[in-house]
Amino acid sequence: MKRAALAALTLMLAAGALLIWGLVGTRLDMTAHSPLTLPAEDHAAEFERLKKAAAAGSLIGTVYSSDSLGGAENYELIIYTVTLRNRGLLPAVMAEVNVSPADNDVLCYTDGSASGEIPDITVPAGGSRDIRCVLLSRRVARQSAVRNLYVSYYIWGNPFTVRVTAGM
C-alpha cells in the first residue's frame with residue numbers, strides 16, 4: 001500500500017512540476033524579417049482606405065500624426081513581418097505589433113485592421129504564426145526602415161511585451 005501511495009505521489013509531483021514549467025516558462029520566440037518598402041501610389045486603394053479611416057478617427061491602429069494626408073505619391077508603406085513561435089503549453093492570444101515611430105511616420109496598423117476588422121491573432125501552443133505591421137510613412141530622402149517593434153500578447157490573462165529591432 002505504501003509503494004502505491006509513494007508511486008502516486010511521485011507521479012502527481014512530476015505532473016505538477018511539468019504543468020508549472022509549462023505555465024511559467026511559456027513565452028514567445030520572435031524573429032523579425034527584413035521590412036518590405038512599397039510606394040503608396042502603387043497601392044492606391046489601400047492608401048485611400050487608410051486616409052479615410054485616419055480622417056474619420058476609425059483606424060484600428062496607431063496614428064502618430066494628426067495632419068491630413070496628401071497625395072499617395074508622398075508616402076510609402078513599410079511592411080514589417082515577425083514570426084512568433086510558441087513553445088509553451090498555452091496559446092498566446094491578442095498578439096499585436098506596434099512600431100516605435102520616426103519623425104516622418106504617420107500611422108501603423110496590424111493585419112486586417114485597416115479595413116475595420118479587429119485582428120484576432122492567436123499563436124497556438126506549440127505552433128507558430130506570422131504577424132504583420134504596416135507603417136505609413138512620408139517619403140523622404142535616405143529613409144531608414146530600421147525601427148523597434150513592440151510585440152504584445154497575453155498568455156493565460158497575463159500581458160507580455162517584447163521589443164524586437166527590424167530592418168537591420
# chains A, B, ... in the order shown; residues from 1 in each chain; ligands from 1

$ residues_around --residues "Leu36 (chain A)" --least-positions-apart "6" --cutoff "9 Å" --atoms "only C-alpha atoms" --output "ChimeraX atom specification"
/A:77-81,145

$ select_by_dssp --residues "chain A" --states "helix (DSSP H, G or I)" --output "PyMOL selection string"
chain A and resi 2-24+40-56+72-74+113-115

$ residues_around --residues "region 60-69 of chain A" --least-positions-apart "4" --cutoff "6 Å" --atoms "only C-alpha atoms" --output "number ranges by chain"
A: 106-109, 113

$ residues_around --residues "Gly71 (chain A)" --least-positions-apart "5" --cutoff "10 Å" --atoms "only C-alpha atoms" --output "PyMOL selection string"
chain A and resi 40-41+44+47-48+51

$ atom_distance --atom1 "CA of Pro159 (chain A)" --atom2 "CA of Asp103 (chain A)"
28.5 Å

$ closest_residue --among "A:Val99, A:Val140, A:Val82, A:Ala92" --to "Ala32 (chain A)" --atoms "only C-alpha atoms"
A:Val82

$ atom_distance --atom1 "CA of Ala95 (chain A)" --atom2 "CA of Gly16 (chain A)"
28.0 Å

$ atom_distance --atom1 "CA of Ala15 (chain A)" --atom2 "CA of Leu28 (chain A)"
22.8 Å

$ residues_around --residues "region 116-125 of chain A" --least-positions-apart "5" --cutoff "7 Å" --atoms "only C-alpha atoms" --output "list of chain:residue names"
A:Leu59, A:Ile60, A:Asn86, A:Arg87, A:Gly88, A:Leu89, A:Leu90, A:Pro91, A:Ala92, A:Val93, A:Met94, A:Ala95, A:Asp111

$ closest_residue --among "A:Pro39, A:Gly127, A:Gly157, A:Gly167" --to "Thr83 (chain A)" --atoms "only C-alpha atoms"
A:Gly127

$ residues_around --residues "Val146 (chain A)" --least-positions-apart "5" --cutoff "9 Å" --atoms "only C-alpha atoms" --output "list in words"
Pro35, Thr165, Ala166, Gly167 and Met168 of chain A

$ write_last_selection --atoms "N, CA and C atoms" --output "PDB file, in the first residue's frame"
ATOM      1  N   PRO A  35      12.164  44.310 -43.587  1.00  0.00           N
ATOM      2  CA  PRO A  35      10.946  45.007 -43.990  1.00  0.00           C
ATOM      3  C   PRO A  35      10.860  45.183 -45.501  1.00  0.00           C
ATOM      4  N   THR A 165      14.058  44.533 -32.854  1.00  0.00           N
ATOM      5  CA  THR A 165      14.513  45.530 -33.832  1.00  0.00           C
ATOM      6  C   THR A 165      14.469  44.920 -35.218  1.00  0.00           C
ATOM      7  N   ALA A 166      13.831  45.627 -36.136  1.00  0.00           N
ATOM      8  CA  ALA A 166      13.683  45.143 -37.514  1.00  0.00           C
ATOM      9  C   ALA A 166      14.351  46.118 -38.479  1.00  0.00           C
ATOM     10  N   GLY A 167      14.798  45.583 -39.590  1.00  0.00           N
ATOM     11  CA  GLY A 167      15.372  46.417 -40.649  1.00  0.00           C
ATOM     12  C   GLY A 167      16.870  46.547 -40.599  1.00  0.00           C
ATOM     13  N   MET A 168      17.510  45.759 -39.772  1.00  0.00           N
ATOM     14  CA  MET A 168      18.966  45.862 -39.675  1.00  0.00           C
ATOM     15  C   MET A 168      19.636  44.880 -40.592  1.00  0.00           C
TER      16      MET A 168
END

$ closest_residue --among "A:Arg142, A:Leu84, A:Leu19, A:Ala55" --to "Glu96 (chain A)" --atoms "only C-alpha atoms"
A:Leu84
